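Undergrad: I'm passing along model_39.pdb; it holds PDB, C-alpha atoms, pLDDT in the B column.
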MODEL        1
ATOM      1  CA  LYS A  14      79.811 105.362  82.355  1.00 50.00           C
ATOM      2  CA  LEU A  15      77.244 108.126  82.979  1.00 51.00           C
ATOM      3  CA  HIS A  16      77.631 111.029  85.379  1.00 61.00           C
ATOM      4  CA  PRO A  17      75.082 111.054  88.262  1.00 61.00           C
ATOM      5  CA  SER A  18      73.212 113.796  86.333  1.00 64.00           C
ATOM      6  CA  GLY A  19      72.418 111.232  83.628  1.00 67.00           C
ATOM      7  CA  ALA A  20      74.755 112.860  81.096  1.00 71.00           C
ATOM      8  CA  ASP A  21      77.928 111.526  79.506  1.00 77.00           C
ATOM      9  CA  ARG A  22      81.093 112.324  81.422  1.00 79.00           C
ATOM     10  CA  ILE A  23      83.012 115.175  79.795  1.00 84.00           C
ATOM     11  CA  GLN A  24      86.395 114.547  81.443  1.00 90.00           C
ATOM     12  CA  THR A  25      86.765 117.907  83.129  1.00 93.00           C
ATOM     13  CA  GLU A  26      88.342 118.407  86.525  1.00 94.00           C
ATOM     14  CA  LEU A  27      87.322 121.173  88.932  1.00 95.00           C
ATOM     15  CA  HIS A  28      89.522 122.710  91.625  1.00 97.00           C
ATOM     16  CA  LEU A  29      87.883 125.043  94.174  1.00 97.00           C
ATOM     17  CA  LEU A  30      89.728 127.482  96.424  1.00 98.00           C
ATOM     18  CA  PHE A  31      87.962 129.558  99.110  1.00 97.00           C
ATOM     19  CA  TYR A  32      90.103 132.232 100.781  1.00 97.00           C
ATOM     20  CA  GLN A  33      89.915 135.400 102.903  1.00 96.00           C
ATOM     21  CA  TYR A  34      92.146 138.319 103.876  1.00 95.00           C
ATOM     22  CA  ASN A  35      92.815 140.093 107.159  1.00 95.00           C
ATOM     23  CA  SER A  36      92.175 143.740 106.392  1.00 93.00           C
ATOM     24  CA  ASP A  37      91.383 147.073 108.008  1.00 94.00           C
ATOM     25  CA  TYR A  38      88.683 147.535 105.360  1.00 93.00           C
ATOM     26  CA  PRO A  39      85.392 145.832 106.340  1.00 89.00           C
ATOM     27  CA  SER A  40      84.517 145.306 102.674  1.00 88.00           C
ATOM     28  CA  ILE A  41      87.575 143.030 102.413  1.00 93.00           C
ATOM     29  CA  GLU A  42      87.583 141.672 105.989  1.00 93.00           C
ATOM     30  CA  PHE A  43      84.072 140.225 105.585  1.00 92.00           C
ATOM     31  CA  THR A  44      84.482 138.868 102.055  1.00 96.00           C
ATOM     32  CA  THR A  45      85.145 135.289 101.022  1.00 96.00           C
ATOM     33  CA  PHE A  46      86.824 134.901  97.641  1.00 97.00           C
ATOM     34  CA  ILE A  47      86.273 131.853  95.460  1.00 97.00           C
ATOM     35  CA  ASN A  48      88.414 130.561  92.605  1.00 97.00           C
ATOM     36  CA  ALA A  49      86.982 127.781  90.439  1.00 97.00           C
ATOM     37  CA  THR A  50      89.493 126.330  87.966  1.00 97.00           C
ATOM     38  CA  PHE A  51      88.370 123.842  85.318  1.00 96.00           C
ATOM     39  CA  TYR A  52      90.801 121.574  83.468  1.00 97.00           C
ATOM     40  CA  ASN A  53      89.795 119.857  80.231  1.00 97.00           C
ATOM     41  CA  ARG A  54      91.431 116.441  80.695  1.00 96.00           C
ATOM     42  CA  GLY A  55      89.598 114.949  77.707  1.00 94.00           C
ATOM     43  CA  THR A  56      90.390 114.752  74.014  1.00 94.00           C
ATOM     44  CA  GLN A  57      87.340 116.657  72.723  1.00 94.00           C
ATOM     45  CA  THR A  58      86.786 120.389  72.372  1.00 96.00           C
ATOM     46  CA  LEU A  59      83.732 121.366  74.403  1.00 93.00           C
ATOM     47  CA  TYR A  60      81.725 124.038  72.585  1.00 93.00           C
ATOM     48  CA  ASN A  61      79.495 126.448  74.502  1.00 92.00           C
ATOM     49  CA  PHE A  62      80.902 125.100  77.782  1.00 92.00           C
ATOM     50  CA  GLN A  63      78.937 126.733  80.571  1.00 90.00           C
ATOM     51  CA  CYS A  64      79.347 126.500  84.316  1.00 90.00           C
ATOM     52  CA  GLY A  65      77.344 127.774  87.216  1.00 90.00           C
ATOM     53  CA  SER A  66      76.569 127.320  90.871  1.00 91.00           C
ATOM     54  CA  ILE A  67      73.498 126.677  92.964  1.00 91.00           C
ATOM     55  CA  ILE A  68      73.151 129.290  95.708  1.00 93.00           C
ATOM     56  CA  ASP A  69      71.303 128.639  98.954  1.00 92.00           C
ATOM     57  CA  PHE A  70      71.964 131.946 100.736  1.00 89.00           C
ATOM     58  CA  ASP A  71      69.976 131.296 103.975  1.00 91.00           C
ATOM     59  CA  LEU A  72      70.437 134.810 105.345  1.00 92.00           C
ATOM     60  CA  GLY A  73      69.968 134.263 109.089  1.00 92.00           C
ATOM     61  CA  ASN A  74      66.357 133.096 109.327  1.00 93.00           C
ATOM     62  CA  TYR A  75      65.999 131.465 105.905  1.00 92.00           C
ATOM     63  CA  SER A  76      62.184 131.629 105.923  1.00 93.00           C
ATOM     64  CA  ASP A  77      61.933 135.382 105.251  1.00 93.00           C
ATOM     65  CA  ASP A  78      64.374 136.031 102.406  1.00 95.00           C
ATOM     66  CA  PHE A  79      64.135 137.748  98.998  1.00 95.00           C
ATOM     67  CA  ILE A  80      66.685 137.537  96.144  1.00 96.00           C
ATOM     68  CA  GLY A  81      67.701 139.902  93.367  1.00 96.00           C
ATOM     69  CA  THR A  82      70.185 140.605  90.591  1.00 96.00           C
ATOM     70  CA  THR A  83      72.171 143.621  89.417  1.00 95.00           C
ATOM     71  CA  PRO A  84      73.338 142.456  85.955  1.00 94.00           C
ATOM     72  CA  ALA A  85      75.522 145.514  85.255  1.00 93.00           C
ATOM     73  CA  SER A  86      77.534 144.710  88.396  1.00 95.00           C
ATOM     74  CA  ASN A  87      77.560 140.908  87.829  1.00 96.00           C
ATOM     75  CA  LEU A  88      75.868 140.604  91.237  1.00 96.00           C
ATOM     76  CA  ALA A  89      73.354 138.104  92.662  1.00 97.00           C
ATOM     77  CA  TYR A  90      72.146 138.936  96.169  1.00 96.00           C
ATOM     78  CA  VAL A  91      69.792 138.076  99.040  1.00 95.00           C
ATOM     79  CA  TYR A  92      68.128 140.405 101.510  1.00 94.00           C
ATOM     80  CA  ASN A  93      65.588 140.092 104.290  1.00 93.00           C
ATOM     81  CA  GLY A  94      61.931 140.456 103.326  1.00 91.00           C
ATOM     82  CA  ASP A  95      61.316 142.819 106.260  1.00 90.00           C
ATOM     83  CA  LEU A  96      63.352 144.870 108.728  1.00 91.00           C
ATOM     84  CA  ASN A  97      63.510 142.185 111.413  1.00 92.00           C
ATOM     85  CA  ASP A  98      65.230 138.847 110.830  1.00 93.00           C
ATOM     86  CA  GLY A  99      63.596 136.815 113.603  1.00 92.00           C
ATOM     87  CA  PRO A 100      64.698 133.573 115.237  1.00 93.00           C
ATOM     88  CA  ILE A 101      64.173 130.128 113.731  1.00 91.00           C
ATOM     89  CA  ASN A 102      64.743 126.618 115.096  1.00 91.00           C
ATOM     90  CA  GLY A 103      66.470 127.947 118.214  1.00 91.00           C
ATOM     91  CA  TYR A 104      68.813 130.297 116.286  1.00 90.00           C
ATOM     92  CA  PRO A 105      68.478 134.038 116.940  1.00 89.00           C
ATOM     93  CA  GLY A 106      68.554 135.465 113.383  1.00 91.00           C
ATOM     94  CA  PHE A 107      70.082 138.907 112.741  1.00 93.00           C
ATOM     95  CA  GLY A 108      67.323 140.899 114.448  1.00 93.00           C
ATOM     96  CA  ILE A 109      66.580 144.526 113.547  1.00 93.00           C
ATOM     97  CA  SER A 110      68.164 145.933 110.333  1.00 88.00           C
ATOM     98  CA  PRO A 111      69.591 142.662 108.958  1.00 92.00           C
ATOM     99  CA  PRO A 112      72.428 142.655 106.412  1.00 92.00           C
ATOM    100  CA  ALA A 113      72.292 141.770 102.736  1.00 92.00           C
ATOM    101  CA  VAL A 114      74.727 139.332 101.106  1.00 94.00           C
ATOM    102  CA  GLY A 115      75.788 138.976  97.499  1.00 95.00           C
ATOM    103  CA  ILE A 116      77.968 137.018  95.120  1.00 96.00           C
ATOM    104  CA  VAL A 117      79.781 139.037  92.484  1.00 96.00           C
ATOM    105  CA  THR A 118      81.672 137.576  89.553  1.00 95.00           C
ATOM    106  CA  LEU A 119      85.089 139.192  89.186  1.00 96.00           C
ATOM    107  CA  ASN A 120      86.554 138.015  85.880  1.00 95.00           C
ATOM    108  CA  LYS A 121      83.654 136.650  83.800  1.00 93.00           C
ATOM    109  CA  PRO A 122      80.249 138.142  82.946  1.00 93.00           C
ATOM    110  CA  LEU A 123      77.249 136.864  84.834  1.00 96.00           C
ATOM    111  CA  TYR A 124      75.139 135.155  82.175  1.00 96.00           C
ATOM    112  CA  SER A 125      72.059 134.462  84.313  1.00 97.00           C
ATOM    113  CA  HIS A 126      70.648 134.385  87.824  1.00 97.00           C
ATOM    114  CA  ILE A 127      67.354 132.527  88.199  1.00 95.00           C
ATOM    115  CA  PRO A 128      65.408 130.911  91.049  1.00 93.00           C
ATOM    116  CA  LEU A 129      65.265 127.179  91.559  1.00 89.00           C
ATOM    117  CA  GLY A 130      61.847 125.642  91.993  1.00 79.00           C
ATOM    118  CA  SER A 131      61.015 123.067  94.629  1.00 70.00           C
ATOM    119  CA  ASN A 132      61.644 120.198  92.180  1.00 65.00           C
ATOM    120  CA  GLU A 133      64.920 121.517  90.814  1.00 70.00           C
ATOM    121  CA  PRO A 134      67.633 120.932  89.889  1.00 73.00           C
ATOM    122  CA  PRO A 135      66.027 118.460  87.507  1.00 75.00           C
ATOM    123  CA  ALA A 136      67.160 114.889  86.958  1.00 74.00           C
ATOM    124  CA  THR A 137      67.789 115.285  83.224  1.00 84.00           C
ATOM    125  CA  PRO A 138      70.782 116.733  81.362  1.00 85.00           C
ATOM    126  CA  ALA A 139      68.441 118.854  79.177  1.00 88.00           C
ATOM    127  CA  GLY A 140      66.739 120.330  82.246  1.00 89.00           C
ATOM    128  CA  ASN A 141      70.089 121.241  83.803  1.00 87.00           C
ATOM    129  CA  ALA A 142      71.276 122.779  80.512  1.00 89.00           C
ATOM    130  CA  ASN A 143      68.130 124.912  80.372  1.00 92.00           C
ATOM    131  CA  LEU A 144      68.786 126.232  83.887  1.00 92.00           C
ATOM    132  CA  MET A 145      72.350 127.145  82.884  1.00 91.00           C
ATOM    133  CA  MET A 146      70.917 129.108  79.940  1.00 94.00           C
ATOM    134  CA  GLY A 147      68.698 131.156  82.268  1.00 94.00           C
ATOM    135  CA  LEU A 148      65.485 129.263  81.448  1.00 94.00           C
ATOM    136  CA  HIS A 149      63.023 127.197  83.440  1.00 92.00           C
ATOM    137  CA  SER A 150      64.070 123.534  83.411  1.00 90.00           C
ATOM    138  CA  ASP A 151      61.354 122.840  80.803  1.00 91.00           C
ATOM    139  CA  GLY A 152      62.981 125.376  78.443  1.00 93.00           C
ATOM    140  CA  THR A 153      60.463 128.206  78.822  1.00 94.00           C
ATOM    141  CA  PRO A 154      61.843 131.696  79.524  1.00 96.00           C
ATOM    142  CA  PHE A 155      61.359 133.826  82.610  1.00 94.00           C
ATOM    143  CA  ILE A 156      58.945 136.697  81.949  1.00 92.00           C
ATOM    144  CA  LYS A 157      59.082 140.051  83.740  1.00 90.00           C
ATOM    145  CA  PRO A 158      55.937 141.952  84.742  1.00 90.00           C
ATOM    146  CA  ASP A 159      56.377 144.179  81.648  1.00 89.00           C
ATOM    147  CA  SER A 160      56.160 140.977  79.489  1.00 91.00           C
ATOM    148  CA  SER A 161      59.833 141.059  78.467  1.00 91.00           C
ATOM    149  CA  ILE A 162      62.049 137.974  78.687  1.00 93.00           C
ATOM    150  CA  THR A 163      64.875 137.968  81.215  1.00 93.00           C
ATOM    151  CA  ARG A 164      67.735 135.778  82.417  1.00 95.00           C
ATOM    152  CA  TYR A 165      68.150 137.891  85.565  1.00 94.00           C
ATOM    153  CA  ILE A 166      65.498 137.377  88.208  1.00 93.00           C
ATOM    154  CA  TYR A 167      64.347 140.490  90.082  1.00 94.00           C
ATOM    155  CA  ASP A 168      66.697 142.893  88.277  1.00 92.00           C
ATOM    156  CA  ASP A 169      65.252 146.099  89.724  1.00 84.00           C
ATOM    157  CA  HIS A 170      68.236 148.214  88.619  1.00 81.00           C
ATOM    158  CA  THR A 171      67.390 147.955  84.901  1.00 79.00           C
ATOM    159  CA  PRO A 172      64.595 149.444  82.735  1.00 78.00           C
ATOM    160  CA  GLY A 173      61.379 147.546  83.419  1.00 77.00           C
ATOM    161  CA  GLY A 174      63.050 146.238  86.565  1.00 82.00           C
ATOM    162  CA  TRP A 175      61.175 144.452  89.296  1.00 89.00           C
ATOM    163  CA  ASN A 176      61.778 142.980  92.710  1.00 92.00           C
ATOM    164  CA  GLU A 177      60.062 140.516  95.001  1.00 93.00           C
ATOM    165  CA  TYR A 178      58.674 143.280  97.205  1.00 89.00           C
ATOM    166  CA  SER A 179      57.106 145.169  94.275  1.00 89.00           C
ATOM    167  CA  ILE A 180      55.213 142.100  93.053  1.00 91.00           C
ATOM    168  CA  ASN A 181      54.097 141.081  96.557  1.00 92.00           C
ATOM    169  CA  ASN A 182      55.930 137.754  96.679  1.00 92.00           C
ATOM    170  CA  PRO A 183      55.725 136.013 100.031  1.00 94.00           C
ATOM    171  CA  GLN A 184      58.987 135.904 101.967  1.00 93.00           C
ATOM    172  CA  GLY A 185      60.613 132.490 102.118  1.00 93.00           C
ATOM    173  CA  ASP A 186      63.538 130.159 101.647  1.00 93.00           C
ATOM    174  CA  ARG A 187      65.302 131.076  98.395  1.00 93.00           C
ATOM    175  CA  LYS A 188      67.547 128.911  96.226  1.00 93.00           C
ATOM    176  CA  SER A 189      68.876 130.117  92.903  1.00 94.00           C
ATOM    177  CA  ILE A 190      71.480 129.373  90.267  1.00 94.00           C
ATOM    178  CA  ILE A 191      74.038 131.661  88.653  1.00 96.00           C
ATOM    179  CA  SER A 192      75.754 130.823  85.386  1.00 96.00           C
ATOM    180  CA  PHE A 193      78.507 132.271  83.240  1.00 93.00           C
ATOM    181  CA  ASP A 194      78.831 132.898  79.497  1.00 89.00           C
ATOM    182  CA  GLY A 195      79.443 129.825  77.365  1.00 90.00           C
ATOM    183  CA  THR A 196      82.892 129.422  75.844  1.00 94.00           C
ATOM    184  CA  THR A 197      84.968 127.008  73.798  1.00 96.00           C
ATOM    185  CA  PHE A 198      86.973 124.698  76.068  1.00 96.00           C
ATOM    186  CA  ALA A 199      89.739 122.922  74.164  1.00 97.00           C
ATOM    187  CA  PRO A 200      91.610 119.829  75.404  1.00 97.00           C
ATOM    188  CA  ALA A 201      94.525 120.486  77.771  1.00 96.00           C
ATOM    189  CA  THR A 202      93.318 124.042  78.530  1.00 97.00           C
ATOM    190  CA  ILE A 203      92.222 125.740  81.738  1.00 97.00           C
ATOM    191  CA  LEU A 204      89.270 128.027  82.554  1.00 97.00           C
ATOM    192  CA  CYS A 205      89.301 130.164  85.728  1.00 96.00           C
ATOM    193  CA  TYR A 206      86.286 131.803  87.345  1.00 96.00           C
ATOM    194  CA  ASP A 207      86.730 134.198  90.252  1.00 97.00           C
ATOM    195  CA  MET A 208      83.951 135.332  92.583  1.00 96.00           C
ATOM    196  CA  ALA A 209      83.626 137.190  95.879  1.00 97.00           C
TER
ENDMDL
END
Any chance you could put this one into structure tokens?

TA:
Amino acid sequence: KLHPSGADRIQTELHLLFYQYNSDYPSIEFTTFINATFYNRGTQTLYNFQCGSIIDFDLGNYSDDFIGTTPASNLAYVYNGDLNDGPINGYPGFGISPPAVGIVTLNKPLYSHIPLGSNEPPATPAGNANLMMGLHSDGTPFIKPDSSITRYIYDDHTPGGWNEYSINNPQGDRKSIISFDGTTFAPATILCYDMA
């Protein structure tokens, strides 16, 4: 029987745990931690097993967001496109000087962070695999303004870096996908991914 993605089932099981701490430190008090644990319940070794997550940050008013990546810190983030996060659909937004929000990987390297287009994720296994490898769903790479290939969208903290503001992108609703390095996943083994 096929998975809803159109691919063969690989007999893995995923457990997700979201948790928080009470703390006197705001950096901990306002952080949600995520543990994703995969179990290989099948009989086959899965080579180059890769996992990832679609991110729909929606920072207050979702229509004026920008996204970015800091690869050296394993960080994908969203920030407001201007200094005033206005109201939308009856909700007030954050107002003047809105916050930024990020997802950092704690125990595995961030392999890629790329935007999702309006027609993604795609309906084919190959298209989904390409996204996990930091490519467009059709398999073409992302190209930076300096003509180099990247798997990290808007990585303005690296040589040749760029951001949405510097290339005059319009503000808008942003969806993206992060993925982690591929690994060998043997039967009856466990893989854990921790994020904050």

Undergrad: Quick one: apply the PyMOL selection byres ((chain A and resi 115-125) around 8) to the file and drop the selected residues here as a list in words.

TA: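 This file, filtered by the PyMOL selection byres ((chain A and resi 115-125) around 8), leaves Pro84, Ser86, Asn87, Leu88, Ala89, Tyr90, Val91, Ala113, Val114, His126, Ile127, Met145, Met146, Gly147, Arg164, Tyr165, Ile190, Ile191, Ser192, Phe193, Asp194, Tyr206, Asp207, Met208 and Ala209 of chain A.
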
Undergrad: I'd like the interatomic distance between CA of Ala49 (chain A) and CA of His149 (chain A), to a tenth of an Å.

TA: 25.0 Å

Undergrad: Residues near region 97-100 of chain A, anyone? I mean within 12 Å using only C-alpha atoms, not counting same-chain ones fewer than 6 positions away, as a PyMOL selection string.

TA: chain A and resi 71-79+106-113+184-185

Undergrad: How would you write, as a PyMOL selection string, the residues chosen by the PyMOL selection byres ((chain A and resi 55-61) around 7) on this structure?

TA: chain A and resi 23-25+53-54+62-63+195-200

Undergrad: Output, as lines of an AutoDock Vina configuration file, the centre and edge lengths in Å (one decimal) of the axis-aligned box that contains all listed atoms of region 152-160 of chain A with 4 Å of margin on each side.

TA:
center_x = 59.5
center_y = 134.8
center_z = 81.6
size_x = 15.0
size_y = 26.8
size_z = 14.3

Undergrad: Once the PyMOL selection byres ((chain A and resi 133) around 12) has been applied to the shown file, what residues remain in the selection, as a ChimeraX atom specification?

TA: /A:67,127-132,134-137,140-141,143-144,149-151,188-190

Undergrad: What is the distance between CA of Tyr32 (chain A) and CA of Ile203 (chain A), in Å to one decimal?

TA: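 Distance reported for this atom pair: 20.2 Å.
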
Undergrad: State, in Å with one decimal place, the distance from CA of Ile47 (chain A) to CA of Ser66 (chain A).

TA: 11.7 Å

Undergrad: Which residues come within 8 Å of region 155-160 of chain A, counting all atoms listed in the file, excluding same-chain residues fewer than 5 positions away, as a list in words?

TA: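 Near region 155-160 of chain A, the qualifying residues are Gly147, Leu148, His149, Ile166, Gly173, Gly174 and Trp175 of chain A.
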
Undergrad: Hey, which of A:Gln33, A:Thr153, A:Ser40, A:Thr83 ends up closest to Asn176 (chain A)? Count all atoms listed in the file.

TA: A:Thr83

Undergrad: Can you list, as a PyMOL selection string, every protein, DNA or RNA residue that comes within 8 Å of Phe31 (chain A) when you count all atoms listed in the file, leaving out same-chain residues fewer than 3 positions away?

TA: chain A and resi 45-48

Undergrad: Dump C-alpha atoms for the selected residues as a compact mmCIF listing (two decimals), in the frame of the given file?

TA:
# COMPACT_ATOMS: atom_id res chain seq x y z
CA THR A 45 85.14 135.29 101.02
CA PHE A 46 86.82 134.90 97.64
CA ILE A 47 86.27 131.85 95.46
CA ASN A 48 88.41 130.56 92.60

Undergrad: When you count all atoms listed in the file, which of these residues is closest to Leu204 (chain A): A:Glu177, A:Asp21, A:Glu26, A:Asp95?

TA: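 The closest residue to Leu204 (chain A) is A:Glu26.
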
Undergrad: Using only C-alpha atoms for the distances, tell me which of A:Phe43, A:Tyr167, A:Tyr178, A:Tyr52 is nearest to His28 (chain A).

TA: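 Looking only at the distances to His28 (chain A), the closest residue turns out to be A:Tyr52.
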
Undergrad: From the set A:Asn182, A:Thr202, A:Thr163, A:Thr50, which residue has the shortest atom-to-atom contact distance to Thr82 (chain A), counting all atoms listed in the file?

TA: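 Looking at the shortest contact to Thr82 (chain A), the residue is A:Thr163.
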